[in-house]
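The structure file coords-v7.pdb is reproduced below (PDB, C-alpha atoms, pLDDT in the B column).
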```
ATOM      1  CA  MET A   6     -45.808  13.134  25.390  1.00 74.00           C
ATOM      2  CA  LYS A   7     -45.697  13.432  21.608  1.00 94.00           C
ATOM      3  CA  ILE A   8     -42.434  14.632  20.097  1.00 97.00           C
ATOM      4  CA  LEU A   9     -44.267  16.316  17.202  1.00 98.00           C
ATOM      5  CA  GLU A  10     -47.844  17.527  16.855  1.00 98.00           C
ATOM      6  CA  VAL A  11     -49.221  19.259  13.778  1.00 98.00           C
ATOM      7  CA  GLN A  12     -52.561  21.015  14.185  1.00 98.00           C
ATOM      8  CA  ASN A  13     -54.781  22.410  11.416  1.00 98.00           C
ATOM      9  CA  ILE A  14     -51.969  23.312   9.015  1.00 98.00           C
ATOM     10  CA  CYS A  15     -53.276  25.155   5.948  1.00 98.00           C
ATOM     11  CA  LYS A  16     -51.306  26.488   2.988  1.00 98.00           C
ATOM     12  CA  SER A  17     -52.332  28.129  -0.263  1.00 97.00           C
ATOM     13  CA  PHE A  18     -50.335  29.411  -3.215  1.00 96.00           C
ATOM     14  CA  GLY A  19     -52.428  32.193  -4.671  1.00 95.00           C
ATOM     15  CA  LYS A  20     -55.908  30.788  -5.168  1.00 93.00           C
ATOM     16  CA  THR A  21     -54.681  27.186  -5.059  1.00 95.00           C
ATOM     17  CA  LYS A  22     -55.276  25.540  -1.686  1.00 96.00           C
ATOM     18  CA  VAL A  23     -52.540  22.934  -1.200  1.00 97.00           C
ATOM     19  CA  LEU A  24     -53.028  21.984   2.460  1.00 98.00           C
ATOM     20  CA  ASN A  25     -56.445  22.144   4.073  1.00 97.00           C
ATOM     21  CA  GLY A  26     -56.357  21.400   7.791  1.00 97.00           C
ATOM     22  CA  ILE A  27     -53.610  18.823   8.407  1.00 98.00           C
ATOM     23  CA  ASP A  28     -53.566  17.146  11.835  1.00 98.00           C
ATOM     24  CA  PHE A  29     -51.237  14.371  13.006  1.00 97.00           C
ATOM     25  CA  SER A  30     -48.795  13.523  15.774  1.00 97.00           C
ATOM     26  CA  MET A  31     -45.933  11.109  16.367  1.00 97.00           C
ATOM     27  CA  ASP A  32     -43.901   9.686  19.227  1.00 96.00           C
ATOM     28  CA  GLU A  33     -40.143   9.840  19.575  1.00 96.00           C
ATOM     29  CA  GLY A  34     -38.478   7.003  17.673  1.00 96.00           C
ATOM     30  CA  GLU A  35     -41.463   6.479  15.389  1.00 97.00           C
ATOM     31  CA  VAL A  36     -41.267   6.216  11.614  1.00 97.00           C
ATOM     32  CA  VAL A  37     -44.167   7.805   9.744  1.00 98.00           C
ATOM     33  CA  SER A  38     -44.532   7.353   5.988  1.00 97.00           C
ATOM     34  CA  ILE A  39     -46.626   9.737   3.919  1.00 97.00           C
ATOM     35  CA  LEU A  40     -48.194   8.374   0.748  1.00 96.00           C
ATOM     36  CA  GLY A  41     -50.288  10.025  -1.916  1.00 94.00           C
ATOM     37  CA  ALA A  42     -50.434  10.970  -5.565  1.00 92.00           C
ATOM     38  CA  SER A  43     -48.338  13.793  -6.973  1.00 90.00           C
ATOM     39  CA  GLY A  44     -49.919  17.121  -6.085  1.00 91.00           C
ATOM     40  CA  SER A  45     -51.604  15.840  -2.935  1.00 94.00           C
ATOM     41  CA  GLY A  46     -49.545  18.191  -0.720  1.00 96.00           C
ATOM     42  CA  LYS A  47     -46.942  15.818   0.723  1.00 96.00           C
ATOM     43  CA  THR A  48     -43.832  17.875  -0.004  1.00 94.00           C
ATOM     44  CA  THR A  49     -45.537  21.138   0.925  1.00 96.00           C
ATOM     45  CA  LEU A  50     -46.424  19.624   4.299  1.00 97.00           C
ATOM     46  CA  LEU A  51     -42.785  18.726   4.968  1.00 95.00           C
ATOM     47  CA  ARG A  52     -41.669  22.196   3.906  1.00 95.00           C
ATOM     48  CA  CYS A  53     -44.209  23.836   6.210  1.00 97.00           C
ATOM     49  CA  ILE A  54     -43.122  21.750   9.197  1.00 96.00           C
ATOM     50  CA  ASN A  55     -39.493  22.578   8.393  1.00 94.00           C
ATOM     51  CA  PHE A  56     -40.339  26.285   7.858  1.00 94.00           C
ATOM     52  CA  LEU A  57     -39.067  26.360   4.293  1.00 94.00           C
ATOM     53  CA  GLU A  58     -42.651  27.455   3.608  1.00 95.00           C
ATOM     54  CA  ARG A  59     -44.789  29.473   5.988  1.00 95.00           C
ATOM     55  CA  ALA A  60     -48.143  27.884   6.795  1.00 96.00           C
ATOM     56  CA  ASP A  61     -51.090  30.264   6.469  1.00 97.00           C
ATOM     57  CA  LYS A  62     -52.833  28.745   9.452  1.00 97.00           C
ATOM     58  CA  GLY A  63     -52.172  26.214  12.192  1.00 98.00           C
ATOM     59  CA  MET A  64     -49.702  25.307  14.919  1.00 98.00           C
ATOM     60  CA  ILE A  65     -46.750  22.972  15.371  1.00 98.00           C
ATOM     61  CA  PHE A  66     -45.730  21.596  18.778  1.00 97.00           C
ATOM     62  CA  LEU A  67     -42.412  19.995  19.705  1.00 97.00           C
ATOM     63  CA  ASP A  68     -42.239  18.007  22.955  1.00 96.00           C
ATOM     64  CA  GLY A  69     -45.598  19.470  23.943  1.00 95.00           C
ATOM     65  CA  SER A  70     -44.485  23.097  23.612  1.00 96.00           C
ATOM     66  CA  PRO A  71     -45.581  25.459  20.817  1.00 96.00           C
ATOM     67  CA  LEU A  72     -42.861  25.718  18.149  1.00 97.00           C
ATOM     68  CA  TRP A  73     -44.834  27.548  15.457  1.00 96.00           C
ATOM     69  CA  ASP A  74     -48.052  29.525  15.405  1.00 97.00           C
ATOM     70  CA  ALA A  75     -49.073  30.833  11.994  1.00 95.00           C
ATOM     71  CA  SER A  76     -50.895  33.739  13.638  1.00 95.00           C
ATOM     72  CA  LYS A  77     -47.575  35.096  14.951  1.00 95.00           C
ATOM     73  CA  THR A  78     -44.662  36.811  13.223  1.00 94.00           C
ATOM     74  CA  TYR A  79     -41.141  35.460  13.705  1.00 94.00           C
ATOM     75  CA  LYS A  80     -37.761  36.983  12.977  1.00 94.00           C
ATOM     76  CA  GLY A  81     -35.509  35.237  10.488  1.00 92.00           C
ATOM     77  CA  SER A  82     -33.087  34.322  13.275  1.00 90.00           C
ATOM     78  CA  GLU A  83     -35.940  32.725  15.244  1.00 94.00           C
ATOM     79  CA  ILE A  84     -37.009  30.634  12.263  1.00 94.00           C
ATOM     80  CA  ARG A  85     -33.451  29.465  11.610  1.00 92.00           C
ATOM     81  CA  LYS A  86     -33.192  28.336  15.231  1.00 92.00           C
ATOM     82  CA  LYS A  87     -36.487  26.449  14.973  1.00 95.00           C
ATOM     83  CA  GLN A  88     -35.307  24.750  11.769  1.00 95.00           C
ATOM     84  CA  LEU A  89     -32.435  23.138  13.661  1.00 94.00           C
ATOM     85  CA  ASN A  90     -34.937  20.750  15.256  1.00 96.00           C
ATOM     86  CA  PHE A  91     -35.491  19.133  11.871  1.00 97.00           C
ATOM     87  CA  GLY A  92     -33.305  17.608   9.197  1.00 95.00           C
ATOM     88  CA  LEU A  93     -34.462  17.374   5.596  1.00 93.00           C
ATOM     89  CA  VAL A  94     -33.060  15.007   2.982  1.00 94.00           C
ATOM     90  CA  PHE A  95     -34.000  16.293  -0.457  1.00 87.00           C
ATOM     91  CA  GLN A  96     -34.772  14.100  -3.434  1.00 84.00           C
ATOM     92  CA  ASP A  97     -32.084  15.776  -5.584  1.00 84.00           C
ATOM     93  CA  PHE A  98     -29.211  15.698  -3.037  1.00 87.00           C
ATOM     94  CA  ASN A  99     -28.431  19.482  -2.988  1.00 90.00           C
ATOM     95  CA  LEU A 100     -24.752  18.899  -2.213  1.00 95.00           C
ATOM     96  CA  PHE A 101     -22.157  21.633  -2.679  1.00 96.00           C
ATOM     97  CA  PRO A 102     -20.089  20.489  -5.692  1.00 96.00           C
ATOM     98  CA  GLN A 103     -16.951  22.351  -4.598  1.00 97.00           C
ATOM     99  CA  TYR A 104     -16.753  20.482  -1.278  1.00 97.00           C
ATOM    100  CA  THR A 105     -15.745  16.910  -0.481  1.00 98.00           C
ATOM    101  CA  ALA A 106     -18.172  14.491   1.142  1.00 98.00           C
ATOM    102  CA  LEU A 107     -16.636  15.237   4.552  1.00 98.00           C
ATOM    103  CA  ASP A 108     -16.750  18.998   3.991  1.00 97.00           C
ATOM    104  CA  ASN A 109     -20.409  18.823   2.933  1.00 97.00           C
ATOM    105  CA  VAL A 110     -21.215  17.155   6.248  1.00 98.00           C
ATOM    106  CA  THR A 111     -19.125  19.462   8.456  1.00 97.00           C
ATOM    107  CA  LEU A 112     -20.046  22.775   6.803  1.00 96.00           C
ATOM    108  CA  ALA A 113     -23.257  23.535   8.735  1.00 94.00           C
ATOM    109  CA  PRO A 114     -21.881  22.388  12.134  1.00 95.00           C
ATOM    110  CA  HIS A 115     -18.820  24.601  11.569  1.00 93.00           C
ATOM    111  CA  LEU A 116     -21.026  27.613  10.845  1.00 91.00           C
ATOM    112  CA  LEU A 117     -23.102  26.962  13.951  1.00 91.00           C
ATOM    113  CA  ALA A 118     -19.976  26.522  16.061  1.00 90.00           C
ATOM    114  CA  ASN A 119     -18.903  30.053  15.155  1.00 85.00           C
ATOM    115  CA  GLU A 120     -21.851  31.321  17.199  1.00 85.00           C
ATOM    116  CA  ARG A 121     -20.771  29.538  20.391  1.00 82.00           C
ATOM    117  CA  PRO A 122     -19.487  31.870  23.140  1.00 84.00           C
ATOM    118  CA  ASP A 123     -16.481  29.591  23.714  1.00 87.00           C
ATOM    119  CA  PHE A 124     -15.609  29.267  20.018  1.00 81.00           C
ATOM    120  CA  LYS A 125     -12.538  31.515  19.932  1.00 82.00           C
ATOM    121  CA  SER A 126     -10.917  29.853  22.943  1.00 85.00           C
ATOM    122  CA  ASN A 127     -11.804  26.279  21.891  1.00 88.00           C
ATOM    123  CA  LYS A 128     -11.918  26.450  18.084  1.00 89.00           C
ATOM    124  CA  LYS A 129      -9.406  23.640  17.497  1.00 89.00           C
ATOM    125  CA  GLN A 130     -11.160  21.230  19.864  1.00 93.00           C
ATOM    126  CA  ILE A 131     -14.646  22.131  18.615  1.00 93.00           C
ATOM    127  CA  TYR A 132     -13.658  21.596  14.980  1.00 93.00           C
ATOM    128  CA  ALA A 133     -11.953  18.308  15.868  1.00 94.00           C
ATOM    129  CA  GLU A 134     -15.131  17.064  17.552  1.00 95.00           C
ATOM    130  CA  ILE A 135     -17.267  18.106  14.567  1.00 96.00           C
ATOM    131  CA  ASP A 136     -14.845  16.375  12.189  1.00 96.00           C
ATOM    132  CA  GLN A 137     -14.867  13.167  14.230  1.00 97.00           C
ATOM    133  CA  ASN A 138     -18.660  13.147  14.458  1.00 97.00           C
ATOM    134  CA  ALA A 139     -18.949  13.623  10.680  1.00 97.00           C
ATOM    135  CA  ARG A 140     -16.508  10.770  10.028  1.00 98.00           C
ATOM    136  CA  GLU A 141     -18.511   8.475  12.304  1.00 97.00           C
ATOM    137  CA  ILE A 142     -21.787   9.354  10.601  1.00 97.00           C
ATOM    138  CA  LEU A 143     -20.331   8.850   7.123  1.00 97.00           C
ATOM    139  CA  ASP A 144     -19.060   5.467   8.307  1.00 96.00           C
ATOM    140  CA  ARG A 145     -22.593   4.616   9.522  1.00 94.00           C
ATOM    141  CA  VAL A 146     -23.945   5.233   6.021  1.00 94.00           C
ATOM    142  CA  GLY A 147     -21.164   3.207   4.403  1.00 94.00           C
ATOM    143  CA  LEU A 148     -18.980   6.022   3.067  1.00 97.00           C
ATOM    144  CA  SER A 149     -15.866   5.814   5.238  1.00 95.00           C
ATOM    145  CA  GLU A 150     -13.734   5.382   2.093  1.00 96.00           C
ATOM    146  CA  LYS A 151     -15.302   8.344   0.260  1.00 97.00           C
ATOM    147  CA  LEU A 152     -14.528  11.165   2.695  1.00 97.00           C
ATOM    148  CA  SER A 153     -12.272  13.035   0.250  1.00 97.00           C
ATOM    149  CA  ASN A 154     -14.392  12.473  -2.836  1.00 98.00           C
ATOM    150  CA  TYR A 155     -16.290  15.315  -4.474  1.00 98.00           C
ATOM    151  CA  PRO A 156     -19.963  14.899  -5.506  1.00 97.00           C
ATOM    152  CA  CYS A 157     -18.968  14.507  -9.165  1.00 96.00           C
ATOM    153  CA  GLU A 158     -16.959  11.433  -8.133  1.00 97.00           C
ATOM    154  CA  LEU A 159     -19.884   9.767  -6.351  1.00 96.00           C
ATOM    155  CA  SER A 160     -22.798   7.691  -7.620  1.00 93.00           C
ATOM    156  CA  GLY A 161     -26.346   8.898  -7.108  1.00 92.00           C
ATOM    157  CA  GLY A 162     -26.783   6.556  -4.172  1.00 92.00           C
ATOM    158  CA  GLN A 163     -23.557   7.744  -2.581  1.00 95.00           C
ATOM    159  CA  LYS A 164     -24.590  11.388  -3.008  1.00 95.00           C
ATOM    160  CA  GLN A 165     -27.861  10.661  -1.263  1.00 93.00           C
ATOM    161  CA  ARG A 166     -26.024   8.962   1.579  1.00 95.00           C
ATOM    162  CA  VAL A 167     -23.858  12.078   1.993  1.00 97.00           C
ATOM    163  CA  SER A 168     -27.081  14.091   2.093  1.00 96.00           C
ATOM    164  CA  ILE A 169     -28.418  11.814   4.842  1.00 96.00           C
ATOM    165  CA  ALA A 170     -25.158  12.142   6.784  1.00 97.00           C
ATOM    166  CA  ARG A 171     -25.293  15.925   6.436  1.00 97.00           C
ATOM    167  CA  ALA A 172     -28.794  15.995   7.934  1.00 96.00           C
ATOM    168  CA  LEU A 173     -27.777  13.691  10.804  1.00 96.00           C
ATOM    169  CA  ALA A 174     -24.717  15.788  11.643  1.00 96.00           C
ATOM    170  CA  LEU A 175     -26.942  18.507  13.117  1.00 94.00           C
ATOM    171  CA  LYS A 176     -28.590  15.958  15.438  1.00 94.00           C
ATOM    172  CA  PRO A 177     -32.186  16.829  14.486  1.00 96.00           C
ATOM    173  CA  ARG A 178     -35.131  15.813  16.648  1.00 96.00           C
ATOM    174  CA  VAL A 179     -36.998  14.641  13.524  1.00 97.00           C
ATOM    175  CA  LEU A 180     -35.470  13.634  10.204  1.00 97.00           C
ATOM    176  CA  PHE A 181     -37.511  14.190   7.028  1.00 97.00           C
ATOM    177  CA  PHE A 182     -37.082  12.385   3.715  1.00 95.00           C
ATOM    178  CA  ASP A 183     -38.741  13.836   0.623  1.00 93.00           C
ATOM    179  CA  GLU A 184     -38.949  10.939  -1.840  1.00 91.00           C
ATOM    180  CA  PRO A 185     -35.294  10.026  -1.208  1.00 89.00           C
ATOM    181  CA  THR A 186     -35.111   7.458  -4.037  1.00 87.00           C
ATOM    182  CA  SER A 187     -36.978   9.316  -6.793  1.00 83.00           C
ATOM    183  CA  ALA A 188     -33.786  10.686  -8.403  1.00 76.00           C
ATOM    184  CA  LEU A 189     -32.028   7.309  -8.344  1.00 82.00           C
ATOM    185  CA  ASP A 190     -31.786   4.485 -10.821  1.00 83.00           C
ATOM    186  CA  PRO A 191     -33.737   1.428  -9.629  1.00 81.00           C
ATOM    187  CA  GLU A 192     -30.561  -0.514  -8.825  1.00 78.00           C
ATOM    188  CA  LEU A 193     -29.421   2.255  -6.456  1.00 83.00           C
ATOM    189  CA  THR A 194     -32.721   2.544  -4.625  1.00 87.00           C
ATOM    190  CA  GLY A 195     -32.014  -0.475  -2.440  1.00 87.00           C
ATOM    191  CA  GLU A 196     -28.890   0.992  -0.849  1.00 88.00           C
ATOM    192  CA  ILE A 197     -30.764   4.094   0.313  1.00 91.00           C
ATOM    193  CA  LEU A 198     -33.645   2.052   1.675  1.00 91.00           C
ATOM    194  CA  ARG A 199     -31.149  -0.079   3.613  1.00 91.00           C
ATOM    195  CA  VAL A 200     -29.671   3.056   5.196  1.00 93.00           C
ATOM    196  CA  ILE A 201     -33.126   4.283   6.209  1.00 94.00           C
ATOM    197  CA  ARG A 202     -33.942   0.870   7.672  1.00 94.00           C
ATOM    198  CA  SER A 203     -30.757   1.027   9.741  1.00 95.00           C
ATOM    199  CA  LEU A 204     -31.760   4.462  11.054  1.00 95.00           C
ATOM    200  CA  ALA A 205     -35.180   3.099  11.980  1.00 94.00           C
ATOM    201  CA  ALA A 206     -33.466   0.290  13.883  1.00 94.00           C
ATOM    202  CA  GLN A 207     -31.584   2.996  15.822  1.00 94.00           C
ATOM    203  CA  HIS A 208     -34.958   4.593  16.706  1.00 94.00           C
ATOM    204  CA  ILE A 209     -34.292   7.784  14.745  1.00 96.00           C
ATOM    205  CA  THR A 210     -37.571   9.700  14.524  1.00 97.00           C
ATOM    206  CA  MET A 211     -38.410  10.011  10.817  1.00 97.00           C
ATOM    207  CA  ILE A 212     -41.090  11.193   8.414  1.00 97.00           C
ATOM    208  CA  ILE A 213     -40.718   9.712   4.929  1.00 96.00           C
ATOM    209  CA  VAL A 214     -42.555  10.884   1.826  1.00 95.00           C
ATOM    210  CA  THR A 215     -42.288   7.942  -0.547  1.00 92.00           C
ATOM    211  CA  HIS A 216     -43.873   5.991  -3.381  1.00 89.00           C
ATOM    212  CA  GLU A 217     -42.102   2.801  -2.259  1.00 90.00           C
ATOM    213  CA  ILE A 218     -45.197   1.096  -0.886  1.00 92.00           C
ATOM    214  CA  ASP A 219     -43.590  -2.180   0.207  1.00 90.00           C
ATOM    215  CA  PHE A 220     -40.824  -0.255   1.950  1.00 92.00           C
ATOM    216  CA  ALA A 221     -43.326   2.023   3.701  1.00 93.00           C
ATOM    217  CA  TYR A 222     -45.257  -1.025   4.877  1.00 93.00           C
ATOM    218  CA  SER A 223     -42.203  -2.742   6.318  1.00 93.00           C
ATOM    219  CA  VAL A 224     -40.439   0.217   7.972  1.00 94.00           C
ATOM    220  CA  SER A 225     -43.294   2.399   9.261  1.00 96.00           C
ATOM    221  CA  ASP A 226     -45.030   2.557  12.613  1.00 96.00           C
ATOM    222  CA  LYS A 227     -47.702   4.791  11.079  1.00 97.00           C
ATOM    223  CA  VAL A 228     -48.785   5.531   7.518  1.00 97.00           C
ATOM    224  CA  ILE A 229     -50.534   8.710   6.383  1.00 97.00           C
ATOM    225  CA  PHE A 230     -52.356   8.876   3.063  1.00 96.00           C
ATOM    226  CA  MET A 231     -52.855  12.356   1.649  1.00 96.00           C
ATOM    227  CA  ASP A 232     -55.344  13.270  -1.048  1.00 95.00           C
ATOM    228  CA  ASP A 233     -56.104  16.731  -2.396  1.00 94.00           C
ATOM    229  CA  GLY A 234     -54.522  18.571   0.528  1.00 96.00           C
ATOM    230  CA  VAL A 235     -56.089  16.572   3.349  1.00 97.00           C
ATOM    231  CA  ILE A 236     -55.241  13.419   5.279  1.00 97.00           C
ATOM    232  CA  ALA A 237     -57.675  10.891   3.862  1.00 95.00           C
ATOM    233  CA  ALA A 238     -56.507   8.133   6.211  1.00 94.00           C
ATOM    234  CA  GLN A 239     -53.860   7.409   8.814  1.00 95.00           C
ATOM    235  CA  GLY A 240     -53.111   4.350  10.871  1.00 96.00           C
ATOM    236  CA  THR A 241     -50.877   1.313  11.036  1.00 96.00           C
ATOM    237  CA  PRO A 242     -49.368  -0.083   7.807  1.00 96.00           C
ATOM    238  CA  ASP A 243     -51.905  -2.918   7.961  1.00 96.00           C
ATOM    239  CA  GLU A 244     -54.822  -0.503   8.295  1.00 95.00           C
ATOM    240  CA  VAL A 245     -53.755   1.861   5.524  1.00 95.00           C
ATOM    241  CA  ILE A 246     -51.856  -0.343   3.053  1.00 94.00           C
ATOM    242  CA  LYS A 247     -52.909  -3.957   3.509  1.00 93.00           C
ATOM    243  CA  ASN A 248     -56.560  -3.481   4.453  1.00 90.00           C
ATOM    244  CA  PRO A 249     -57.577   0.031   3.360  1.00 91.00           C
ATOM    245  CA  SER A 250     -61.194   1.011   3.879  1.00 87.00           C
ATOM    246  CA  ASN A 251     -60.884   4.217   1.870  1.00 83.00           C
ATOM    247  CA  GLU A 252     -61.772   3.779  -1.813  1.00 88.00           C
ATOM    248  CA  ARG A 253     -59.331   6.511  -2.859  1.00 88.00           C
ATOM    249  CA  ILE A 254     -56.462   4.605  -1.231  1.00 89.00           C
ATOM    250  CA  LYS A 255     -57.540   1.395  -2.952  1.00 90.00           C
ATOM    251  CA  ALA A 256     -57.496   3.143  -6.330  1.00 89.00           C
ATOM    252  CA  PHE A 257     -54.083   4.686  -5.615  1.00 89.00           C
ATOM    253  CA  LEU A 258     -52.539   1.380  -4.551  1.00 87.00           C
ATOM    254  CA  ALA A 259     -54.068  -0.410  -7.554  1.00 86.00           C
ATOM    255  CA  LYS A 260     -52.240   1.939  -9.916  1.00 82.00           C
ATOM    256  CA  LEU A 261     -48.928   1.075  -8.265  1.00 77.00           C
ATOM    257  CA  ALA A 262     -49.502  -2.656  -8.249  1.00 67.00           C
TER     258      ALA A 262
END
```

Let me see the file written as structure tokens.
Amino acid sequence: MKILEVQNICKSFGKTKVLNGIDFSMDEGEVVSILGASGSGKTTLLRCINFLERADKGMIFLDGSPLWDASKTYKGSEIRKKQLNFGLVFQDFNLFPQYTALDNVTLAPHLLANERPDFKSNKKQIYAEIDQNAREILDRVGLSEKLSNYPCELSGGQKQRVSIARALALKPRVLFFDEPTSALDPELTGEILRVIRSLAAQHITMIIVTHEIDFAYSVSDKVIFMDDGVIAAQGTPDEVIKNPSNERIKAFLAKLA
């Protein structure tokens, strides 16, 4: 059974059609990279799957069950619950400057814990477990010595690693990366790519929008190439990157060479 299936997702902004019938699926533990020129719809696709945007048409399935149907209306509380299945790492970090690295990671789990029926009677234990989990995740991304640092005291690469840890803390079924290295200096890009590689080795299910072609080739189980709001090609890294049959992909890759 597929962990995620996207069927016929369409999205327009006014008269501009950004997504025009997107279909793909992925297995648990897979890494899917999405390539394409700016404006091809990559980020909008991630935002539609994560419900930060509402698709105009289409369906999304999680573990074989319908998660989203654009023909239906959902309450805000329902959408927030659905969003918990996915984690999104933004390209510009989006950390809270007034909180330490540890506090940035524990904030959302603390808020969710408040909704648990046993929260009042077990608050101390619940918070201790959340704190310990956050410390372990920050250690996994190499920030065990930066727990008390504020974002202004961290490098760009360290901020992005806090952002990754924050997404992991909610234990998402699928983790999304929206060009996670685009806001970084070239010398910092490598540290983020190493973290993502380590997550792939742990079989974390991930979708990565990226322009790092060599990285996408080496880390991905599947590569999707988007062009003008459609999937122009999808397949293994060898099929899409090394031996593309689509002329548009060849032209795109040639510009990056």

Can you list every residue of range 159-216 of chain A that has an atom at most 10 Å from range 45-49 of chain A, with its nearest atom pair and the distance in Å to one decimal, using all atoms listed in the file, ordered by chain then number, as CSV?
```
residue,atom,partner,partner_atom,distance
A:Phe182,CA,A:Thr48,CA,9.5
A:Asp183,CA,A:Thr48,CA,6.5
A:Glu184,CA,A:Thr48,CA,8.7
A:Ile213,CA,A:Lys47,CA,9.7
A:Val214,CA,A:Lys47,CA,6.7
A:Thr215,CA,A:Lys47,CA,9.2
```

> CA of Gly162 in chain A and CA of Pro185 in chain A, how far apart in Å?
Replying inline: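 Value for the CA of Pro185 in chain A-CA of Gly162 in chain A distance: 9.7 Å.
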
> Mind pulling up the distance from CA of Ala256 in chain A to CA of Lys227 in chain A?
Replying inline: 20.0 Å

>> Between CA of Arg121 in chain A and CA of Asn90 in chain A, what is the distance in Å, rounded to a tenth?
In response: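 Here the two named atoms are 17.4 Å from each other.
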
>> Here is a test: counting only C-alpha atoms, which residue of A:Thr78, A:Asn251, A:Gln88, A:Asn109 is nearest to Val179 in chain A?
In response: A:Gln88

On this structure, the PyMOL selection byres ((chain A and resi 169) around 10) would catch which residues? List them as a PDB file with C-alpha atoms, keeping the file's coordinate frame, sorted by chain and number.
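Output contents, as saved in part-v6.pdb:
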```pdb
ATOM      1  CA  GLY A  92     -33.305  17.608   9.197  1.00 95.00           C
ATOM      2  CA  LEU A  93     -34.462  17.374   5.596  1.00 93.00           C
ATOM      3  CA  VAL A  94     -33.060  15.007   2.982  1.00 94.00           C
ATOM      4  CA  PHE A  95     -34.000  16.293  -0.457  1.00 87.00           C
ATOM      5  CA  PHE A  98     -29.211  15.698  -3.037  1.00 87.00           C
ATOM      6  CA  VAL A 110     -21.215  17.155   6.248  1.00 98.00           C
ATOM      7  CA  ILE A 142     -21.787   9.354  10.601  1.00 97.00           C
ATOM      8  CA  LEU A 143     -20.331   8.850   7.123  1.00 97.00           C
ATOM      9  CA  VAL A 146     -23.945   5.233   6.021  1.00 94.00           C
ATOM     10  CA  GLN A 163     -23.557   7.744  -2.581  1.00 95.00           C
ATOM     11  CA  LYS A 164     -24.590  11.388  -3.008  1.00 95.00           C
ATOM     12  CA  GLN A 165     -27.861  10.661  -1.263  1.00 93.00           C
ATOM     13  CA  ARG A 166     -26.024   8.962   1.579  1.00 95.00           C
ATOM     14  CA  VAL A 167     -23.858  12.078   1.993  1.00 97.00           C
ATOM     15  CA  SER A 168     -27.081  14.091   2.093  1.00 96.00           C
ATOM     16  CA  ALA A 170     -25.158  12.142   6.784  1.00 97.00           C
ATOM     17  CA  ARG A 171     -25.293  15.925   6.436  1.00 97.00           C
ATOM     18  CA  ALA A 172     -28.794  15.995   7.934  1.00 96.00           C
ATOM     19  CA  LEU A 173     -27.777  13.691  10.804  1.00 96.00           C
ATOM     20  CA  ALA A 174     -24.717  15.788  11.643  1.00 96.00           C
ATOM     21  CA  LEU A 180     -35.470  13.634  10.204  1.00 97.00           C
ATOM     22  CA  PHE A 181     -37.511  14.190   7.028  1.00 97.00           C
ATOM     23  CA  PHE A 182     -37.082  12.385   3.715  1.00 95.00           C
ATOM     24  CA  PRO A 185     -35.294  10.026  -1.208  1.00 89.00           C
ATOM     25  CA  ILE A 197     -30.764   4.094   0.313  1.00 91.00           C
ATOM     26  CA  VAL A 200     -29.671   3.056   5.196  1.00 93.00           C
ATOM     27  CA  ILE A 201     -33.126   4.283   6.209  1.00 94.00           C
TER      28      ILE A 201
END
```

> If you apply the PyMOL selection byres ((chain A and resi 50) around 12) to this file, what residues do you get, as a PyMOL selection string?
Replying inline: chain A and resi 11-17+23-29+39-40+44-49+51-61+63+65+181-183+212-214+229+231+234-236

>> Using all atoms listed in the file for the distances, tell me which of A:Thr186, A:Pro156, A:Asp136, A:Ser225 is nearest to Arg202 in chain A.
In response: A:Ser225

What would the list of residues within 12 Å of (-22.3, 1.1, 13.9) (file frame) look like as a PDB file with C-alpha atoms, keeping the file's coordinate frame, if all atoms listed in the file are what count?
```pdb
ATOM      1  CA  ARG A 140     -16.508  10.770  10.028  1.00 98.00           C
ATOM      2  CA  GLU A 141     -18.511   8.475  12.304  1.00 97.00           C
ATOM      3  CA  ILE A 142     -21.787   9.354  10.601  1.00 97.00           C
ATOM      4  CA  LEU A 143     -20.331   8.850   7.123  1.00 97.00           C
ATOM      5  CA  ASP A 144     -19.060   5.467   8.307  1.00 96.00           C
ATOM      6  CA  ARG A 145     -22.593   4.616   9.522  1.00 94.00           C
ATOM      7  CA  VAL A 146     -23.945   5.233   6.021  1.00 94.00           C
ATOM      8  CA  GLY A 147     -21.164   3.207   4.403  1.00 94.00           C
ATOM      9  CA  SER A 149     -15.866   5.814   5.238  1.00 95.00           C
ATOM     10  CA  VAL A 200     -29.671   3.056   5.196  1.00 93.00           C
ATOM     11  CA  SER A 203     -30.757   1.027   9.741  1.00 95.00           C
ATOM     12  CA  LEU A 204     -31.760   4.462  11.054  1.00 95.00           C
ATOM     13  CA  ALA A 206     -33.466   0.290  13.883  1.00 94.00           C
ATOM     14  CA  GLN A 207     -31.584   2.996  15.822  1.00 94.00           C
TER      15      GLN A 207
END
```

>> Measuring between only C-alpha atoms, which one of A:Val228, A:Leu175, A:Ala205, A:Leu112 shows the shortest distance to Met31 in chain A?
In response: A:Val228

> Of the residues A:Arg178, A:Ile131, A:Gln103, A:Ala221, which is the one nearest to Leu89 in chain A, using only C-alpha atoms?
Replying inline: A:Arg178

>> Applying the PyMOL selection byres ((chain A and resi 247) around 12) to the file I just gave you, which residues come out? Please list them as a ChimeraX atom specification.
In response: /A:218-219,221-223,228,240-246,248-251,254-255,258-259
